[in-house]
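Structure file upload-v5.cif with mmCIF, C-alpha atoms:
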data_structure
loop_
_atom_site.group_PDB
_atom_site.id
_atom_site.type_symbol
_atom_site.label_atom_id
_atom_site.label_comp_id
_atom_site.auth_asym_id
_atom_site.auth_seq_id
_atom_site.Cartn_x
_atom_site.Cartn_y
_atom_site.Cartn_z
ATOM 1 C CA MET X 1 5.745 -23.806 -23.378
ATOM 2 C CA ASN X 2 2.534 -22.267 -22.067
ATOM 3 C CA THR X 3 2.148 -18.513 -22.309
ATOM 4 C CA ALA X 4 -0.063 -16.201 -20.268
ATOM 5 C CA LYS X 5 -3.371 -15.214 -21.812
ATOM 6 C CA ARG X 6 -4.482 -11.589 -21.952
ATOM 7 C CA ILE X 7 -7.746 -10.149 -20.695
ATOM 8 C CA SER X 8 -9.423 -6.770 -20.804
ATOM 9 C CA MET X 9 -9.365 -5.158 -17.366
ATOM 10 C CA CYS X 10 -12.705 -3.401 -17.884
ATOM 11 C CA PRO X 11 -14.981 -2.577 -20.832
ATOM 12 C CA ASP X 12 -13.039 0.567 -21.813
ATOM 13 C CA GLY X 13 -9.731 -0.274 -20.182
ATOM 14 C CA PRO X 14 -6.367 -1.822 -21.062
ATOM 15 C CA GLU X 15 -5.430 -5.451 -21.575
ATOM 16 C CA PHE X 16 -3.156 -7.117 -19.013
ATOM 17 C CA SER X 17 -1.510 -10.504 -19.001
ATOM 18 C CA ARG X 18 -3.479 -12.867 -16.749
ATOM 19 C CA VAL X 19 -0.291 -13.387 -14.738
ATOM 20 C CA SER X 20 1.735 -10.300 -13.855
ATOM 21 C CA GLN X 21 5.206 -9.871 -12.387
ATOM 22 C CA GLY X 22 5.510 -7.961 -9.141
ATOM 23 C CA TYR X 23 8.805 -6.181 -8.551
ATOM 24 C CA TRP X 24 8.438 -5.211 -4.898
ATOM 25 C CA ARG X 25 11.287 -7.532 -3.833
ATOM 26 C CA MET X 26 13.671 -6.690 -6.656
ATOM 27 C CA ALA X 27 16.150 -5.005 -4.304
ATOM 28 C CA GLU X 28 16.578 -8.372 -2.552
ATOM 29 C CA TRP X 29 17.384 -10.357 -5.699
ATOM 30 C CA GLY X 30 21.028 -9.289 -5.949
ATOM 31 C CA MET X 31 20.905 -8.962 -9.732
ATOM 32 C CA THR X 32 23.024 -6.791 -11.984
ATOM 33 C CA PRO X 33 21.197 -4.494 -14.436
ATOM 34 C CA GLN X 34 21.870 -7.009 -17.223
ATOM 35 C CA GLN X 35 20.491 -9.856 -15.125
ATOM 36 C CA ARG X 36 17.369 -7.789 -14.387
ATOM 37 C CA LEU X 37 16.885 -7.171 -18.101
ATOM 38 C CA SER X 38 17.371 -10.870 -18.850
ATOM 39 C CA PHE X 39 14.743 -11.785 -16.243
ATOM 40 C CA LEU X 40 12.320 -9.257 -17.746
ATOM 41 C CA LYS X 41 12.845 -10.656 -21.245
ATOM 42 C CA GLN X 42 12.401 -14.201 -19.942
ATOM 43 C CA HIS X 43 8.985 -13.443 -18.513
ATOM 44 C CA LEU X 44 8.013 -11.600 -21.684
ATOM 45 C CA GLU X 45 8.635 -14.883 -23.514
ATOM 46 C CA LEU X 46 6.066 -16.411 -21.141
ATOM 47 C CA GLY X 47 3.533 -13.768 -22.169
ATOM 48 C CA VAL X 48 3.835 -12.015 -18.795
ATOM 49 C CA THR X 49 3.830 -8.422 -20.003
ATOM 50 C CA THR X 50 2.276 -6.623 -17.017
ATOM 51 C CA VAL X 51 4.705 -5.406 -14.322
ATOM 52 C CA ASP X 52 3.711 -4.106 -10.905
ATOM 53 C CA HIS X 53 5.611 -1.379 -9.025
ATOM 54 C CA ALA X 54 5.107 1.241 -6.323
ATOM 55 C CA HIS X 55 7.227 4.209 -5.406
ATOM 56 C CA VAL X 56 7.699 2.838 -1.856
ATOM 57 C CA TYR X 57 9.007 -0.577 -2.915
ATOM 58 C CA GLY X 58 12.599 -1.403 -2.112
ATOM 59 C CA ASN X 59 15.780 0.113 -0.781
ATOM 60 C CA PRO X 60 17.285 1.093 -3.166
ATOM 61 C CA PRO X 61 13.971 1.840 -4.913
ATOM 62 C CA CYS X 62 12.889 -1.010 -7.170
ATOM 63 C CA GLU X 63 11.701 1.515 -9.754
ATOM 64 C CA VAL X 64 15.295 2.731 -10.039
ATOM 65 C CA LEU X 65 16.593 -0.827 -10.444
ATOM 66 C CA PHE X 66 13.961 -1.591 -13.078
ATOM 67 C CA GLY X 67 14.782 1.655 -14.882
ATOM 68 C CA GLU X 68 18.455 0.712 -15.019
ATOM 69 C CA ALA X 69 17.496 -2.533 -16.774
ATOM 70 C CA LEU X 70 15.156 -0.786 -19.231
ATOM 71 C CA LYS X 71 17.884 1.708 -20.101
ATOM 72 C CA LEU X 72 19.989 -1.169 -21.484
ATOM 73 C CA GLU X 73 17.301 -1.941 -24.072
ATOM 74 C CA PRO X 74 14.731 0.885 -24.250
ATOM 75 C CA SER X 75 12.627 -0.852 -26.920
ATOM 76 C CA VAL X 76 11.459 -3.365 -24.293
ATOM 77 C CA ARG X 77 9.249 -0.578 -22.897
ATOM 78 C CA GLN X 78 6.916 -1.063 -25.874
ATOM 79 C CA GLN X 79 6.294 -4.679 -24.865
ATOM 80 C CA ILE X 80 5.144 -4.126 -21.285
ATOM 81 C CA GLU X 81 2.390 -2.498 -19.255
ATOM 82 C CA ILE X 82 3.819 -0.635 -16.258
ATOM 83 C CA ILE X 83 1.690 -0.231 -13.144
ATOM 84 C CA SER X 84 2.844 1.893 -10.244
ATOM 85 C CA LYS X 85 1.213 3.062 -7.045
ATOM 86 C CA CYS X 86 1.226 6.183 -4.911
ATOM 87 C CA GLY X 87 -0.121 7.407 -1.599
ATOM 88 C CA ILE X 88 2.099 5.815 1.072
ATOM 89 C CA ILE X 89 4.575 8.186 2.718
ATOM 90 C CA PRO X 90 7.377 6.347 4.551
ATOM 91 C CA PRO X 91 9.267 7.867 7.482
ATOM 92 C CA ASN X 92 12.271 9.991 6.531
ATOM 93 C CA GLY X 93 14.162 12.990 7.836
ATOM 94 C CA ASP X 94 11.077 15.206 7.634
ATOM 95 C CA VAL X 95 8.383 12.596 8.354
ATOM 96 C CA SER X 96 8.225 10.921 11.750
ATOM 97 C CA ILE X 97 5.637 8.222 10.973
ATOM 98 C CA ALA X 98 4.448 6.377 7.883
ATOM 99 C CA HIS X 99 1.080 7.632 6.697
ATOM 100 C CA TYR X 100 -1.201 7.903 3.684
ATOM 101 C CA ASN X 101 -1.480 11.005 1.517
ATOM 102 C CA SER X 102 -3.766 11.088 -1.521
ATOM 103 C CA SER X 103 -3.693 14.864 -1.951
ATOM 104 C CA LYS X 104 -3.529 16.178 -5.498
ATOM 105 C CA ARG X 105 -0.034 17.533 -4.949
ATOM 106 C CA ASN X 106 1.274 14.244 -3.599
ATOM 107 C CA VAL X 107 -0.283 12.206 -6.413
ATOM 108 C CA LEU X 108 1.267 14.457 -9.060
ATOM 109 C CA GLU X 109 4.689 14.505 -7.384
ATOM 110 C CA SER X 110 4.667 10.745 -6.907
ATOM 111 C CA VAL X 111 4.003 10.138 -10.603
ATOM 112 C CA ASP X 112 6.845 12.455 -11.604
ATOM 113 C CA LEU X 113 9.135 10.586 -9.216
ATOM 114 C CA SER X 114 8.133 7.185 -10.619
ATOM 115 C CA LEU X 115 8.584 8.315 -14.218
ATOM 116 C CA SER X 116 12.011 9.709 -13.422
ATOM 117 C CA ARG X 117 13.125 6.538 -11.674
ATOM 118 C CA LEU X 118 11.791 4.232 -14.370
ATOM 119 C CA GLY X 119 13.136 6.389 -17.175
ATOM 120 C CA VAL X 120 9.827 6.334 -19.080
ATOM 121 C CA ASP X 121 7.452 9.035 -20.259
ATOM 122 C CA HIS X 122 4.203 7.484 -19.018
ATOM 123 C CA LEU X 123 2.656 4.869 -16.750
ATOM 124 C CA ASP X 124 0.084 2.545 -18.233
ATOM 125 C CA VAL X 125 -1.787 2.453 -14.911
ATOM 126 C CA LEU X 126 -1.529 4.402 -11.659
ATOM 127 C CA LEU X 127 -3.094 2.938 -8.516
ATOM 128 C CA LEU X 128 -3.827 4.611 -5.197
ATOM 129 C CA HIS X 129 -1.922 2.215 -2.961
ATOM 130 C CA ARG X 130 -4.082 2.344 0.180
ATOM 131 C CA PRO X 131 -7.303 4.073 1.232
ATOM 132 C CA ASP X 132 -6.579 7.451 2.791
ATOM 133 C CA TRP X 133 -9.066 8.523 5.476
ATOM 134 C CA LEU X 134 -8.404 12.112 4.397
ATOM 135 C CA MET X 135 -9.087 11.340 0.744
ATOM 136 C CA HIS X 136 -10.944 14.066 -1.155
ATOM 137 C CA ALA X 137 -12.399 12.353 -4.201
ATOM 138 C CA ASP X 138 -12.699 15.607 -6.157
ATOM 139 C CA ASP X 139 -9.013 16.393 -5.627
ATOM 140 C CA ILE X 140 -8.013 12.941 -6.833
ATOM 141 C CA ALA X 141 -10.264 13.300 -9.864
ATOM 142 C CA ASP X 142 -8.525 16.601 -10.676
ATOM 143 C CA ALA X 143 -5.119 14.969 -10.320
ATOM 144 C CA PHE X 144 -6.139 12.045 -12.516
ATOM 145 C CA GLU X 145 -7.515 14.376 -15.192
ATOM 146 C CA GLN X 146 -4.297 16.428 -15.195
ATOM 147 C CA LEU X 147 -2.162 13.294 -15.483
ATOM 148 C CA LYS X 148 -4.310 11.893 -18.287
ATOM 149 C CA THR X 149 -4.311 15.166 -20.236
ATOM 150 C CA SER X 150 -0.542 15.499 -19.925
ATOM 151 C CA GLY X 151 -0.036 11.920 -21.163
ATOM 152 C CA LYS X 152 1.799 10.876 -18.000
ATOM 153 C CA VAL X 153 -0.769 8.186 -17.052
ATOM 154 C CA GLN X 154 -3.130 6.317 -19.357
ATOM 155 C CA HIS X 155 -5.422 4.551 -16.850
ATOM 156 C CA PHE X 156 -6.207 4.636 -13.139
ATOM 157 C CA GLY X 157 -7.187 2.194 -10.438
ATOM 158 C CA VAL X 158 -6.989 1.529 -6.719
ATOM 159 C CA SER X 159 -5.492 -0.956 -4.313
ATOM 160 C CA ASN X 160 -6.943 -2.327 -1.068
ATOM 161 C CA PHE X 161 -10.126 -0.217 -1.389
ATOM 162 C CA THR X 162 -13.455 -1.251 0.095
ATOM 163 C CA PRO X 163 -16.489 -1.320 -2.214
ATOM 164 C CA SER X 164 -17.773 1.983 -0.808
ATOM 165 C CA GLN X 165 -14.381 3.663 -1.257
ATOM 166 C CA PHE X 166 -14.209 2.348 -4.818
ATOM 167 C CA SER X 167 -17.711 3.664 -5.565
ATOM 168 C CA LEU X 168 -16.964 7.057 -4.045
ATOM 169 C CA LEU X 169 -13.920 7.630 -6.228
ATOM 170 C CA GLN X 170 -15.582 6.190 -9.320
ATOM 171 C CA SER X 171 -18.482 8.631 -8.871
ATOM 172 C CA ARG X 172 -16.098 11.543 -9.554
ATOM 173 C CA LEU X 173 -14.385 10.077 -12.623
ATOM 174 C CA SER X 174 -15.374 10.191 -16.279
ATOM 175 C CA SER X 175 -13.568 6.927 -17.086
ATOM 176 C CA SER X 176 -13.598 3.570 -15.330
ATOM 177 C CA LEU X 177 -11.207 2.584 -12.597
ATOM 178 C CA VAL X 178 -9.519 -0.383 -14.229
ATOM 179 C CA THR X 179 -8.779 -2.545 -11.165
ATOM 180 C CA ASN X 180 -8.758 -2.920 -7.396
ATOM 181 C CA GLN X 181 -5.559 -4.695 -6.317
ATOM 182 C CA VAL X 182 -6.404 -6.751 -3.228
ATOM 183 C CA GLU X 183 -5.089 -9.674 -1.214
ATOM 184 C CA ILE X 184 -6.621 -12.982 -2.281
ATOM 185 C CA ASN X 185 -5.497 -16.366 -0.993
ATOM 186 C CA PRO X 186 -7.018 -19.308 0.903
ATOM 187 C CA LEU X 187 -5.845 -17.826 4.214
ATOM 188 C CA ASN X 188 -7.388 -14.413 3.542
ATOM 189 C CA MET X 189 -10.773 -14.636 1.843
ATOM 190 C CA GLY X 190 -12.132 -11.327 3.117
ATOM 191 C CA VAL X 191 -12.719 -9.870 -0.336
ATOM 192 C CA LEU X 192 -14.874 -12.894 -1.212
ATOM 193 C CA GLU X 193 -17.168 -11.986 1.674
ATOM 194 C CA ASP X 194 -17.205 -8.186 1.979
ATOM 195 C CA GLY X 195 -18.590 -7.383 -1.464
ATOM 196 C CA THR X 196 -15.293 -6.370 -3.075
ATOM 197 C CA LEU X 197 -15.239 -9.092 -5.711
ATOM 198 C CA ASP X 198 -19.019 -8.896 -6.193
ATOM 199 C CA GLN X 199 -18.723 -5.211 -7.031
ATOM 200 C CA LEU X 200 -15.879 -5.801 -9.478
ATOM 201 C CA GLN X 201 -17.765 -8.600 -11.214
ATOM 202 C CA GLU X 202 -20.821 -6.346 -11.438
ATOM 203 C CA LYS X 203 -18.752 -3.612 -13.102
ATOM 204 C CA ARG X 204 -16.783 -6.121 -15.215
ATOM 205 C CA VAL X 205 -13.549 -4.861 -13.668
ATOM 206 C CA ALA X 206 -10.819 -7.441 -13.071
ATOM 207 C CA PRO X 207 -9.103 -7.401 -9.667
ATOM 208 C CA MET X 208 -5.394 -7.932 -9.224
ATOM 209 C CA ALA X 209 -4.551 -10.527 -6.575
ATOM 210 C CA TRP X 210 -1.525 -9.881 -4.374
ATOM 211 C CA SER X 211 -0.013 -12.306 -1.858
ATOM 212 C CA CYS X 212 -1.544 -15.285 -3.661
ATOM 213 C CA LEU X 213 0.577 -17.665 -1.570
ATOM 214 C CA ALA X 214 -0.090 -15.771 1.677
ATOM 215 C CA GLY X 215 3.478 -14.543 1.924
ATOM 216 C CA GLY X 216 4.790 -18.099 2.144
ATOM 217 C CA ARG X 217 2.577 -19.014 5.117
ATOM 218 C CA LEU X 218 1.028 -21.867 3.130
ATOM 219 C CA PHE X 219 4.453 -23.515 3.009
ATOM 220 C CA ASN X 220 6.009 -22.499 6.331
ATOM 221 C CA GLU X 221 3.305 -22.038 8.964
ATOM 222 C CA ASP X 222 2.442 -24.882 11.325
ATOM 223 C CA SER X 223 -1.027 -23.762 12.423
ATOM 224 C CA GLU X 224 -3.997 -26.122 12.373
ATOM 225 C CA GLN X 225 -5.586 -24.129 9.551
ATOM 226 C CA VAL X 226 -2.500 -24.323 7.347
ATOM 227 C CA ARG X 227 -2.053 -28.049 8.045
ATOM 228 C CA ARG X 228 -5.647 -28.641 6.918
ATOM 229 C CA LEU X 229 -5.075 -26.581 3.797
ATOM 230 C CA ARG X 230 -1.807 -28.247 2.842
ATOM 231 C CA LEU X 231 -3.422 -31.679 3.149
ATOM 232 C CA VAL X 232 -6.237 -30.732 0.770
ATOM 233 C CA LEU X 233 -3.913 -28.906 -1.627
ATOM 234 C CA GLU X 234 -1.666 -31.971 -1.816
ATOM 235 C CA GLU X 235 -4.716 -34.162 -2.496
ATOM 236 C CA LEU X 236 -5.689 -31.866 -5.362
ATOM 237 C CA VAL X 237 -2.186 -32.009 -6.826
ATOM 238 C CA ALA X 238 -2.651 -35.785 -7.082
ATOM 239 C CA GLU X 239 -6.091 -35.365 -8.689
ATOM 240 C CA THR X 240 -5.105 -32.817 -11.335
ATOM 241 C CA SER X 241 -2.263 -32.037 -13.721
ATOM 242 C CA ALA X 242 -0.672 -29.734 -11.115
ATOM 243 C CA THR X 243 2.878 -30.432 -10.022
ATOM 244 C CA SER X 244 2.848 -28.409 -6.787
ATOM 245 C CA ILE X 245 0.442 -26.931 -4.271
ATOM 246 C CA ASP X 246 1.191 -23.385 -5.431
ATOM 247 C CA GLN X 247 -0.362 -24.251 -8.795
ATOM 248 C CA ILE X 248 -3.541 -25.393 -7.068
ATOM 249 C CA VAL X 249 -3.694 -22.085 -5.194
ATOM 250 C CA TYR X 250 -3.195 -20.092 -8.403
ATOM 251 C CA SER X 251 -5.934 -22.114 -10.114
ATOM 252 C CA TRP X 252 -8.215 -21.682 -7.087
ATOM 253 C CA ILE X 253 -7.842 -17.872 -7.278
ATOM 254 C CA ALA X 254 -8.158 -17.800 -11.074
ATOM 255 C CA SER X 255 -11.434 -19.743 -10.809
ATOM 256 C CA LEU X 256 -13.148 -16.741 -9.220
ATOM 257 C CA PRO X 257 -15.666 -15.248 -11.685
ATOM 258 C CA SER X 258 -14.273 -11.721 -11.238
ATOM 259 C CA ARG X 259 -11.233 -12.949 -13.272
ATOM 260 C CA PRO X 260 -8.342 -11.933 -10.987
ATOM 261 C CA ILE X 261 -4.940 -11.094 -12.414
ATOM 262 C CA LEU X 262 -2.371 -13.098 -10.438
ATOM 263 C CA ILE X 263 0.709 -11.230 -9.214
ATOM 264 C CA SER X 264 3.866 -13.285 -8.741
ATOM 265 C CA GLY X 265 6.575 -11.634 -6.680
ATOM 266 C CA SER X 266 9.339 -14.173 -7.142
ATOM 267 C CA GLY X 267 12.586 -13.362 -8.924
ATOM 268 C CA LYS X 268 12.875 -16.990 -10.083
ATOM 269 C CA ILE X 269 11.569 -17.615 -13.578
ATOM 270 C CA ASP X 270 10.524 -21.204 -12.793
ATOM 271 C CA ARG X 271 8.121 -19.932 -10.118
ATOM 272 C CA LEU X 272 6.562 -17.643 -12.697
ATOM 273 C CA MET X 273 6.297 -20.531 -15.144
ATOM 274 C CA HIS X 274 4.382 -22.456 -12.468
ATOM 275 C CA ALA X 275 1.866 -19.621 -12.229
ATOM 276 C CA VAL X 276 1.433 -19.423 -16.005
ATOM 277 C CA ASP X 277 1.010 -23.209 -16.298
ATOM 278 C CA ALA X 278 -1.570 -23.137 -13.494
ATOM 279 C CA MET X 279 -3.915 -21.157 -15.721
ATOM 280 C CA ASN X 280 -4.512 -24.412 -17.633
ATOM 281 C CA ILE X 281 -5.612 -26.305 -14.503
ATOM 282 C CA SER X 282 -9.376 -26.418 -13.945
ATOM 283 C CA LEU X 283 -10.901 -27.182 -10.572
ATOM 284 C CA THR X 284 -14.417 -28.512 -10.205
ATOM 285 C CA HIS X 285 -16.840 -26.740 -7.894
ATOM 286 C CA GLU X 286 -16.374 -29.552 -5.381
ATOM 287 C CA GLN X 287 -12.595 -29.279 -5.511
ATOM 288 C CA TRP X 288 -12.733 -25.482 -5.117
ATOM 289 C CA TYR X 289 -14.955 -25.783 -2.058
ATOM 290 C CA ARG X 290 -12.702 -28.378 -0.482
ATOM 291 C CA VAL X 291 -10.058 -25.647 -0.269
ATOM 292 C CA TRP X 292 -12.640 -23.231 1.168
ATOM 293 C CA VAL X 293 -13.771 -25.786 3.782
ATOM 294 C CA ALA X 294 -10.177 -26.609 4.733
ATOM 295 C CA SER X 295 -9.489 -22.910 5.323
ATOM 296 C CA LYS X 296 -12.681 -22.294 7.299
ATOM 297 C CA GLY X 297 -12.542 -25.488 9.311
ATOM 298 C CA HIS X 298 -16.239 -26.131 8.717
ATOM 299 C CA GLY X 299 -18.589 -27.016 5.867
ATOM 300 C CA VAL X 300 -20.998 -24.725 4.066
ATOM 301 C CA ALA X 301 -24.199 -23.894 5.914
#
Starting from the coordinates I provided, produce the structure as structure tokens.
Amino acid sequence: MNTAKRISMCPDGPEFSRVSQGYWRMAEWGMTPQQRLSFLKQHLELGVTTVDHAHVYGNPPCEVLFGEALKLEPSVRQQIEIISKCGIIPPNGDVSIAHYNSSKRNVLESVDLSLSRLGVDHLDVLLLHRPDWLMHADDIADAFEQLKTSGKVQHFGVSNFTPSQFSLLQSRLSSSLVTNQVEINPLNMGVLEDGTLDQLQEKRVAPMAWSCLAGGRLFNEDSEQVRRLRLVLEELVAETSATSIDQIVYSWIASLPSRPILISGSGKIDRLMHAVDAMNISLTHEQWYRVWVASKGHGVA
């Protein structure tokens, strides 16, 4: 059985498993607390130790469901790295529209909420979930410093930030942001072109890749672009040791020199095993660019 390798997220940052488990759909899995714990322990056996949460995921909140599983065997906490995110405010009785809020007060309150739900005393990493146009970098730096000093959060990062937003926040911090969690898949290659991955490679910071399979579009959509992609992905399955097109996609993302961490959101352990096994599949430059060309619909200039 293959197990996920570990990599350092940045020169002075934590180590994550190269494949991580996303829990944003946990409320849809219909599992009992014991079944959730069993699933967690199964992916730990695969070396997948990094888990991804956010305080807005799920109804009921996925952090609560995860915390119920951890409570059954608290020692499991020592085997995992917990990431959570803050900054998105959903509509509720007092809020009429969803919006972003990265104020110091909201960041601090969100962390306390996540810790309470998860039943843990600290987060390994806290990410700002989305860029906030009203973001005051100095306020966030103050919040981060308070959380670090109190022991509630060990490391910090961002999600869906542009290179300039990343640089702005980093300029106010004494320690490195440890990741930028961004969408990467053959149907959305924006971060390959807008400087996001270049910046992270320059700083030796590993991105985290969400929606690696484009939310299922690679399997279900009938557009011309997706038909071209599926044809090439199926060809590459035949040319490599892959057993499915999802493994080719995982390998294609993992080939990027910024060393993305792959996030799997499935509650099925065999899907996670596919992602872990894909880390042993190597694509040639020519094979990688065949996927790029199929997505673009044209060759390189």
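At a cut-off of 6 Å from (-5.1, -2.5, -6.8), the residue set is Val158, Ser159, Thr179, Asn180, Gln181, Val182 and Met208 of chain X (counting all atoms listed in the file).
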Original post:
Residues at most 6 Å from region 96-107 of chain X, counting only C-alpha atoms, excluding those fewer than 2 positions away in the same chain, as JSON, numbers by chain?
Top reply: {"X": [87, 88, 89, 90, 91, 109, 110, 132, 135, 139, 140, 143]}
**OP:** Given the file shown, enumerate the residues that the PyMOL selection byres ((chain X and resi 120) around 10) captures and present them as a ChimeraX atom specification.
**Re:** /X:67,70-71,74,77,82,114-119,121-123,152
Selected residues written out, C-alpha atoms, as a PDB file, in the coordinates of the input:
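What follows is the written file part.pdb:
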ATOM      1  CA  GLY X  67      14.782   1.655 -14.882  1.00  0.00           C
ATOM      2  CA  LEU X  70      15.156  -0.786 -19.231  1.00  0.00           C
ATOM      3  CA  LYS X  71      17.884   1.708 -20.101  1.00  0.00           C
ATOM      4  CA  PRO X  74      14.731   0.885 -24.250  1.00  0.00           C
ATOM      5  CA  ARG X  77       9.249  -0.578 -22.897  1.00  0.00           C
ATOM      6  CA  ILE X  82       3.819  -0.635 -16.258  1.00  0.00           C
ATOM      7  CA  SER X 114       8.133   7.185 -10.619  1.00  0.00           C
ATOM      8  CA  LEU X 115       8.584   8.315 -14.218  1.00  0.00           C
ATOM      9  CA  SER X 116      12.011   9.709 -13.422  1.00  0.00           C
ATOM     10  CA  ARG X 117      13.125   6.538 -11.674  1.00  0.00           C
ATOM     11  CA  LEU X 118      11.791   4.232 -14.370  1.00  0.00           C
ATOM     12  CA  GLY X 119      13.136   6.389 -17.175  1.00  0.00           C
ATOM     13  CA  ASP X 121       7.452   9.035 -20.259  1.00  0.00           C
ATOM     14  CA  HIS X 122       4.203   7.484 -19.018  1.00  0.00           C
ATOM     15  CA  LEU X 123       2.656   4.869 -16.750  1.00  0.00           C
ATOM     16  CA  LYS X 152       1.799  10.876 -18.000  1.00  0.00           C
TER      17      LYS X 152
END
Subject >> Counting only C-alpha atoms, the option among X:Glu286, X:Phe219, X:Ser258, X:Phe66 closest to Glu202 (chain X) >> reply: X:Ser258
Subject >> Within-12 Å shell of (-3.4, -15.9, -12.7) in input frame, only C-alpha atoms, as a PyMOL selection string >> reply: chain X and resi 3-7+16-21+47-48+50+184-185+206-213+246-256+258-264+272-281
Original post:
Residues at most 10 Å from Leu126 (chain X), counting all atoms listed in the file, excluding those fewer than 5 positions away in the same chain, as a list in words?
Top reply: His53, Ala54, Ile82, Ile83, Ser84, Lys85, Cys86, Val107, Val111, Phe144, Leu147, Lys152, Val153, Gln154, His155, Phe156, Gly157, Val158, Ser159, Leu177 and Val178 of chain X
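With all atoms listed in the file as the atoms that count, the residue of X:Leu134, X:Val205, X:Val64, X:Leu173 with the shortest distance to Glu15 (chain X) is X:Val205.
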Subject >> Distance in Å - CA of His55 (chain X) versus CA of Leu40 (chain X) >> reply: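 Separation between CA of His55 (chain X) and CA of Leu40 (chain X): 19.0 Å.
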**OP:** Please indicate the distance in Å from CA of Ile80 (chain X) to CA of Leu169 (chain X), rounded to one decimal place.
**Re:** 27.0 Å
From the structure just shown, export region 166-178 of chain X with C-alpha atoms as a PDB file, in the first residue's frame.
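Done, and the output landed in decode_22.pdb:
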ATOM      1  CA  PHE X 166      -0.343  37.765  -0.567  1.00  0.00           C
ATOM      2  CA  SER X 167       2.606  40.185  -0.658  1.00  0.00           C
ATOM      3  CA  LEU X 168       0.677  42.897   1.162  1.00  0.00           C
ATOM      4  CA  LEU X 169      -0.194  40.649   4.085  1.00  0.00           C
ATOM      5  CA  GLN X 170       3.243  39.042   4.169  1.00  0.00           C
ATOM      6  CA  SER X 171       4.830  42.504   4.428  1.00  0.00           C
ATOM      7  CA  ARG X 172       3.202  42.962   7.858  1.00  0.00           C
ATOM      8  CA  LEU X 173       4.125  39.564   9.307  1.00  0.00           C
ATOM      9  CA  SER X 174       7.268  38.424  11.089  1.00  0.00           C
ATOM     10  CA  SER X 175       6.818  34.792  10.006  1.00  0.00           C
ATOM     11  CA  SER X 176       6.039  33.288   6.617  1.00  0.00           C
ATOM     12  CA  LEU X 177       2.563  32.634   5.334  1.00  0.00           C
ATOM     13  CA  VAL X 178       2.714  28.880   4.886  1.00  0.00           C
TER      14      VAL X 178
END
